[in-house]
$ cat model10.pdb   # PDB, C-alpha atoms
ATOM      1  CA  MET A  30      26.004  -4.646 -15.763
ATOM      2  CA  LYS A  31      22.631  -4.518 -17.506
ATOM      3  CA  HIS A  32      20.955  -2.644 -14.667
ATOM      4  CA  HIS A  33      21.674   0.827 -13.307
ATOM      5  CA  PHE A  34      19.207   0.806 -10.415
ATOM      6  CA  ILE A  35      18.759  -2.431  -8.444
ATOM      7  CA  THR A  36      16.544  -2.856  -5.397
ATOM      8  CA  VAL A  37      16.782  -5.649  -2.819
ATOM      9  CA  GLU A  38      13.605  -6.376  -0.884
ATOM     10  CA  GLY A  39      12.160  -8.923   1.513
ATOM     11  CA  ASN A  40      10.553  -9.332   4.883
ATOM     12  CA  ILE A  41      12.008  -8.165   8.201
ATOM     13  CA  GLY A  42      15.172 -10.190   8.805
ATOM     14  CA  ALA A  43      15.445 -11.538   5.244
ATOM     15  CA  GLY A  44      18.994 -10.235   4.761
ATOM     16  CA  LYS A  45      18.315  -7.255   2.492
ATOM     17  CA  THR A  46      21.056  -4.972   3.776
ATOM     18  CA  THR A  47      23.687  -7.722   3.942
ATOM     19  CA  LEU A  48      23.048  -8.672   0.315
ATOM     20  CA  THR A  49      22.989  -5.013  -0.735
ATOM     21  CA  HIS A  50      26.431  -4.417   0.767
ATOM     22  CA  LEU A  51      27.894  -7.547  -0.829
ATOM     23  CA  LEU A  52      26.476  -6.772  -4.263
ATOM     24  CA  ALA A  53      27.738  -3.200  -4.016
ATOM     25  CA  GLN A  54      31.256  -4.472  -3.316
ATOM     26  CA  LYS A  55      31.155  -6.867  -6.282
ATOM     27  CA  LEU A  56      29.623  -4.359  -8.696
ATOM     28  CA  ASN A  57      31.419  -1.261  -7.435
ATOM     29  CA  ALA A  58      28.018   0.288  -6.837
ATOM     30  CA  ARG A  59      26.798   3.051  -4.579
ATOM     31  CA  THR A  60      24.186   2.123  -1.987
ATOM     32  CA  ILE A  61      20.988   3.638  -0.649
ATOM     33  CA  LEU A  62      20.227   2.129   2.756
ATOM     34  CA  GLU A  63      17.143   2.350   4.911
ATOM     35  CA  GLY A  64      17.760   4.625   7.900
ATOM     36  CA  PHE A  65      15.520   2.697  10.272
ATOM     37  CA  ALA A  66      17.486   3.725  13.360
ATOM     38  CA  ASP A  67      16.624   7.387  12.741
ATOM     39  CA  ASN A  68      12.888   6.779  13.086
ATOM     40  CA  PRO A  69      11.931   7.969  16.596
ATOM     41  CA  PHE A  70       8.626   6.068  16.447
ATOM     42  CA  LEU A  71       9.999   2.596  15.703
ATOM     43  CA  SER A  72      10.504   1.230  19.208
ATOM     44  CA  LYS A  73       7.292   2.957  20.335
ATOM     45  CA  PHE A  74       5.405   1.275  17.497
ATOM     46  CA  TYR A  75       6.389  -2.196  18.643
ATOM     47  CA  GLU A  76       5.215  -1.313  22.157
ATOM     48  CA  ASN A  77       1.955   0.326  21.047
ATOM     49  CA  PRO A  78       1.196  -0.279  17.353
ATOM     50  CA  SER A  79      -2.233   1.360  17.237
ATOM     51  CA  GLN A  80      -0.959   4.656  18.645
ATOM     52  CA  TYR A  81       2.290   4.998  16.704
ATOM     53  CA  ALA A  82       1.681   3.258  13.359
ATOM     54  CA  PHE A  83       0.650   6.398  11.473
ATOM     55  CA  PRO A  84       3.574   8.660  12.520
ATOM     56  CA  LEU A  85       5.924   5.692  12.059
ATOM     57  CA  GLU A  86       4.846   5.163   8.448
ATOM     58  CA  LEU A  87       4.791   8.899   7.652
ATOM     59  CA  PHE A  88       8.343   9.298   8.936
ATOM     60  CA  PHE A  89       9.553   6.321   6.911
ATOM     61  CA  MET A  90       7.875   7.598   3.760
ATOM     62  CA  ALA A  91       9.387  11.069   4.133
ATOM     63  CA  GLU A  92      12.878   9.687   4.725
ATOM     64  CA  ARG A  93      12.695   7.207   1.853
ATOM     65  CA  TYR A  94      11.442   9.894  -0.491
ATOM     66  CA  LYS A  95      14.234  12.229   0.583
ATOM     67  CA  GLN A  96      16.827   9.553  -0.183
ATOM     68  CA  LEU A  97      15.415   8.320  -3.476
ATOM     69  CA  LYS A  98      14.523  11.644  -5.057
ATOM     70  CA  GLU A  99      18.238  12.429  -5.326
ATOM     71  CA  ILE A 100      18.603   9.627  -7.871
ATOM     72  CA  GLY A 101      16.494  11.559 -10.366
ATOM     73  CA  HIS A 102      18.756  14.594 -10.093
ATOM     74  CA  THR A 103      22.087  12.945 -10.757
ATOM     75  CA  LYS A 104      23.627  11.591 -13.933
ATOM     76  CA  GLU A 105      25.516   9.007 -11.896
ATOM     77  CA  LEU A 106      22.514   6.717 -12.170
ATOM     78  CA  PHE A 107      23.174   6.316 -15.878
ATOM     79  CA  GLN A 108      26.935   5.963 -15.502
ATOM     80  CA  SER A 109      27.182   3.383 -12.716
ATOM     81  CA  VAL A 110      25.130   1.058 -10.544
ATOM     82  CA  THR A 111      22.996   2.061  -7.568
ATOM     83  CA  ILE A 112      21.632  -0.570  -5.180
ATOM     84  CA  SER A 113      18.921   0.154  -2.620
ATOM     85  CA  ASP A 114      17.859  -2.136   0.219
ATOM     86  CA  TYR A 115      14.223  -1.062  -0.065
ATOM     87  CA  LEU A 116      11.533  -0.394  -2.636
ATOM     88  CA  PHE A 117       9.633   2.850  -2.139
ATOM     89  CA  THR A 118       6.362   0.924  -2.471
ATOM     90  CA  LYS A 119       7.376  -0.695   0.814
ATOM     91  CA  CYS A 120       5.786   2.373   2.411
ATOM     92  CA  LEU A 121       2.375   1.441   1.085
ATOM     93  CA  LEU A 122       2.724  -2.274   1.803
ATOM     94  CA  PHE A 123       3.623  -1.805   5.466
ATOM     95  CA  ALA A 124       0.969   0.892   5.851
ATOM     96  CA  LYS A 125      -1.611  -1.527   4.473
ATOM     97  CA  VAL A 126      -0.739  -3.999   7.226
ATOM     98  CA  ASN A 127      -0.274  -1.491  10.052
ATOM     99  CA  LEU A 128      -2.937   1.192   9.560
ATOM    100  CA  PRO A 129      -6.713   1.140  10.056
ATOM    101  CA  GLU A 130      -8.747   1.711   6.888
ATOM    102  CA  GLU A 131      -9.346   5.462   7.187
ATOM    103  CA  GLU A 132      -5.732   6.251   8.021
ATOM    104  CA  PHE A 133      -4.568   3.987   5.207
ATOM    105  CA  ARG A 134      -6.719   5.827   2.656
ATOM    106  CA  LEU A 135      -5.195   9.153   3.733
ATOM    107  CA  TYR A 136      -1.715   7.669   3.658
ATOM    108  CA  GLN A 137      -2.312   6.261   0.198
ATOM    109  CA  LYS A 138      -3.301   9.679  -1.133
ATOM    110  CA  LEU A 139      -0.012  11.128   0.082
ATOM    111  CA  PHE A 140       1.897   8.154  -1.294
ATOM    112  CA  ASP A 141       0.311   8.481  -4.735
ATOM    113  CA  ILE A 142       1.297  12.148  -4.958
ATOM    114  CA  ILE A 143       4.992  11.646  -4.278
ATOM    115  CA  HIS A 144       5.478   8.167  -5.734
ATOM    116  CA  GLN A 145       5.120   9.566  -9.260
ATOM    117  CA  GLN A 146       8.210  11.725  -8.739
ATOM    118  CA  LEU A 147      10.573   8.816  -8.145
ATOM    119  CA  ILE A 148      12.452   6.536 -10.516
ATOM    120  CA  PHE A 149      11.439   2.879 -10.380
ATOM    121  CA  PRO A 150      14.273   0.314 -10.185
ATOM    122  CA  ASP A 151      15.312  -1.620 -13.292
ATOM    123  CA  ILE A 152      15.007  -4.897 -11.423
ATOM    124  CA  LEU A 153      13.915  -6.124  -7.988
ATOM    125  CA  ILE A 154      15.679  -8.854  -6.029
ATOM    126  CA  TYR A 155      13.197 -10.357  -3.572
ATOM    127  CA  LEU A 156      14.467 -12.557  -0.741
ATOM    128  CA  HIS A 157      11.792 -15.000   0.351
ATOM    129  CA  ALA A 158      12.458 -16.816   3.620
ATOM    130  CA  PRO A 159      10.110 -18.771   5.905
ATOM    131  CA  VAL A 160       9.068 -17.064   9.120
ATOM    132  CA  GLN A 161      11.167 -19.471  11.192
ATOM    133  CA  LYS A 162      14.279 -18.344   9.296
ATOM    134  CA  LEU A 163      13.280 -14.679   9.673
ATOM    135  CA  GLN A 164      12.866 -15.075  13.434
ATOM    136  CA  LYS A 165      16.258 -16.758  13.677
ATOM    137  CA  ASN A 166      17.881 -13.852  11.824
ATOM    138  CA  ILE A 167      16.007 -11.304  13.944
ATOM    139  CA  LYS A 168      17.243 -12.948  17.131
ATOM    140  CA  LYS A 169      20.785 -13.102  15.780
ATOM    141  CA  ARG A 170      21.038  -9.403  14.934
ATOM    142  CA  ASN A 171      19.569  -8.629  18.370
ATOM    143  CA  ARG A 172      17.805  -5.311  17.891
ATOM    144  CA  PRO A 173      15.887  -4.984  21.178
ATOM    145  CA  PHE A 174      12.685  -3.527  19.697
ATOM    146  CA  GLU A 175      12.369  -6.453  17.227
ATOM    147  CA  GLN A 176      12.641  -9.334  19.652
ATOM    148  CA  SER A 177       8.912  -9.691  20.298
ATOM    149  CA  ILE A 178       7.662  -9.480  16.702
ATOM    150  CA  PRO A 179       4.930 -12.129  16.404
ATOM    151  CA  ASP A 180       4.957 -14.726  13.648
ATOM    152  CA  GLU A 181       1.536 -13.525  12.497
ATOM    153  CA  TYR A 182       2.919 -10.067  11.728
ATOM    154  CA  LEU A 183       5.736 -11.508   9.613
ATOM    155  CA  PHE A 184       3.230 -13.709   7.759
ATOM    156  CA  SER A 185       1.115 -10.640   6.977
ATOM    157  CA  ILE A 186       4.083  -8.705   5.639
ATOM    158  CA  GLN A 187       5.184 -11.685   3.559
ATOM    159  CA  GLU A 188       1.776 -12.150   1.981
ATOM    160  CA  THR A 189       1.453  -8.427   1.230
ATOM    161  CA  TYR A 190       4.810  -8.338  -0.543
ATOM    162  CA  THR A 191       4.260 -11.444  -2.673
ATOM    163  CA  SER A 192       0.729 -10.390  -3.612
ATOM    164  CA  TYR A 193       1.959  -6.960  -4.736
ATOM    165  CA  ILE A 194       4.813  -8.378  -6.823
ATOM    166  CA  LYS A 195       2.575 -10.887  -8.584
ATOM    167  CA  GLN A 196      -0.232  -8.415  -9.262
ATOM    168  CA  HIS A 197       2.057  -5.745 -10.708
ATOM    169  CA  HIS A 198       4.168  -8.082 -12.846
ATOM    170  CA  ILE A 199       7.402  -6.474 -11.685
ATOM    171  CA  LYS A 200      10.681  -7.723 -13.164
ATOM    172  CA  THR A 201      11.843  -9.716 -10.152
ATOM    173  CA  ILE A 202      14.650 -12.101  -9.259
ATOM    174  CA  PHE A 203      12.813 -14.182  -6.657
ATOM    175  CA  ILE A 204      15.358 -15.900  -4.372
ATOM    176  CA  ASP A 205      14.414 -18.782  -2.084
ATOM    177  CA  ALA A 206      16.441 -17.618   0.913
ATOM    178  CA  SER A 207      15.472 -20.480   3.223
ATOM    179  CA  ASN A 208      19.120 -21.485   3.656
ATOM    180  CA  ALA A 209      20.734 -18.216   2.586
ATOM    181  CA  ASP A 210      24.205 -17.404   3.863
ATOM    182  CA  PHE A 211      25.447 -14.671   1.570
ATOM    183  CA  LEU A 212      28.296 -13.754   3.911
ATOM    184  CA  GLY A 213      29.580 -17.267   4.491
ATOM    185  CA  ASN A 214      28.851 -18.991   1.196
ATOM    186  CA  GLU A 215      30.262 -17.410  -1.951
ATOM    187  CA  ALA A 216      28.119 -19.704  -4.122
ATOM    188  CA  HIS A 217      24.948 -18.135  -2.719
ATOM    189  CA  LEU A 218      26.084 -14.665  -3.709
ATOM    190  CA  GLN A 219      27.140 -15.937  -7.127
ATOM    191  CA  VAL A 220      23.593 -17.154  -7.835
ATOM    192  CA  VAL A 221      22.373 -13.564  -7.484
ATOM    193  CA  LEU A 222      25.227 -12.117  -9.535
ATOM    194  CA  ASP A 223      24.602 -14.623 -12.334
ATOM    195  CA  ALA A 224      20.877 -13.858 -12.267
ATOM    196  CA  LEU A 225      21.583 -10.147 -12.695
ATOM    197  CA  GLU A 226      23.440 -10.917 -15.933
ATOM    198  CA  LYS A 227      20.453 -12.646 -17.535
ATOM    199  CA  ASP A 228      17.988 -11.016 -19.902
ATOM    200  CA  PHE A 229      14.605 -10.992 -18.176
ATOM    201  CA  GLU A 230      11.133 -10.113 -19.245
ATOM    202  CA  ALA A 231       8.762  -8.596 -16.694
ATOM    203  CA  GLY A 232       7.508 -11.055 -14.099
ATOM    204  CA  GLN A 233       9.034 -13.318 -11.469
ATOM    205  CA  HIS A 234      12.069 -15.482 -12.161
ATOM    206  CA  TYR A 235      12.783 -18.001  -9.425
ATOM    207  CA  PHE A 236      16.182 -19.119  -8.144
ATOM    208  CA  THR A 237      17.198 -21.500  -5.380
ATOM    209  CA  LEU A 238      20.517 -21.429  -3.550
ATOM    210  CA  PRO A 239      22.857 -24.455  -3.565
TER     211      PRO A 239
END
$ encode --input "model10.pdb" --output "structure tokens"
Amino acid sequence: MKHHFITVEGNIGAGKTTLTHLLAQKLNARTILEGFADNPFLSKFYENPSQYAFPLELFFMAERYKQLKEIGHTKELFQSVTISDYLFTKCLLFAKVNLPEEEFRLYQKLFDIIHQQLIFPDILIYLHAPVQKLQKNIKKRNRPFEQSIPDEYLFSIQETYTSYIKQHHIKTIFIDASNADFLGNEAHLQVVLDALEKDFEAGQHYFTLP
């Protein structure tokens, strides 16, 4: 494997964690998974976004930092493969959508301080799915607090992600996940595995699933 630290990203319901688990099995990799269920502000945020957005994003940032900082203190990173189902910059992207301007500026200052202490992934796998597909996946996994997420919110998150990736010229495997079924279709997973074996320059490299 050419990459020691791989990150899978995408919108809510894109299939990040499912793909992370499957890749980890194939590559004998360790995983770093988002602990969303531990965030006490998550369900409250969906009920009252303006009141709980700031503590929600602070909690997520602290937890993600706590998980990812361990990578820099272990030699295992350079001896095997680690796959994460989130990019630390996700903190800033969601905060940009969820926070008013003044709170976002404060949040960004905190983010900039700690972001420098973390290792950036070798390559990003981004799952891009239309909002209709995201909503279908959200309904299927049936987390109660997610069932009323509006389409407009998912559109905003999607646009923020794609804009960030393009502006920062990140080395990205960009997967059209419109018909993705990584669990049920081995060929879909193989597209990602084959892509990881290619030699990429920085920038986006697009793949469609059969």
$ resolve_selection --input "model10.pdb" --expression "the PyMOL selection byres ((chain A and resi 32) around 8)" --output "VMD selection string"
chain A and resid 30 to 31 33 to 35 110 151 to 152 225
$ resolve_selection --input "model10.pdb" --expression "the PyMOL selection byres ((chain A and resi 68-73) around 9)" --output "PyMOL selection string"
chain A and resi 64-67+74-78+80-82+84-86+88-89+92+173-175
$ closest_residue --input "model10.pdb" --among "A:Asp114, A:Glu181, A:Glu38, A:Asp223" --to "Glu63 of chain A" --atoms "all atoms listed in the file"
A:Asp114
$ resolve_selection --input "model10.pdb" --expression "the PyMOL selection byres ((chain A and resi 199) around 8)" --output "NGL selection string"
:A and (152-153 or 194-195 or 197-198 or 200-201 or 231-233)
$ write_last_selection --input "model10.pdb" --atoms "C-alpha atoms" --output "PDB file, keeping the file's coordinate frame"
ATOM      1  CA  ILE A 152      15.007  -4.897 -11.423  1.00  0.00           C
ATOM      2  CA  LEU A 153      13.915  -6.124  -7.988  1.00  0.00           C
ATOM      3  CA  ILE A 194       4.813  -8.378  -6.823  1.00  0.00           C
ATOM      4  CA  LYS A 195       2.575 -10.887  -8.584  1.00  0.00           C
ATOM      5  CA  HIS A 197       2.057  -5.745 -10.708  1.00  0.00           C
ATOM      6  CA  HIS A 198       4.168  -8.082 -12.846  1.00  0.00           C
ATOM      7  CA  LYS A 200      10.681  -7.723 -13.164  1.00  0.00           C
ATOM      8  CA  THR A 201      11.843  -9.716 -10.152  1.00  0.00           C
ATOM      9  CA  ALA A 231       8.762  -8.596 -16.694  1.00  0.00           C
ATOM     10  CA  GLY A 232       7.508 -11.055 -14.099  1.00  0.00           C
ATOM     11  CA  GLN A 233       9.034 -13.318 -11.469  1.00  0.00           C
TER      12      GLN A 233
END
$ atom_distance --input "model10.pdb" --atom1 "atom CA of Phe211 of chain A" --atom2 "atom CA of Tyr182 of chain A"
25.1 Å
$ residues_around --input "model10.pdb" --residues "Ile143 of chain A" --least-positions-apart "4" --cutoff "8 Å" --atoms "all atoms listed in the file" --output "PyMOL selection string"
chain A and resi 94+139+147
$ closest_residue --input "model10.pdb" --among "A:Asn166, A:Gln96, A:Gln161, A:Thr36" --to "Thr111 of chain A" --atoms "only C-alpha atoms"
A:Thr36
$ closest_residue --input "model10.pdb" --among "A:Lys45, A:Val220, A:Asn40, A:Ile142" --to "Phe184 of chain A" --atoms "only C-alpha atoms"
A:Asn40
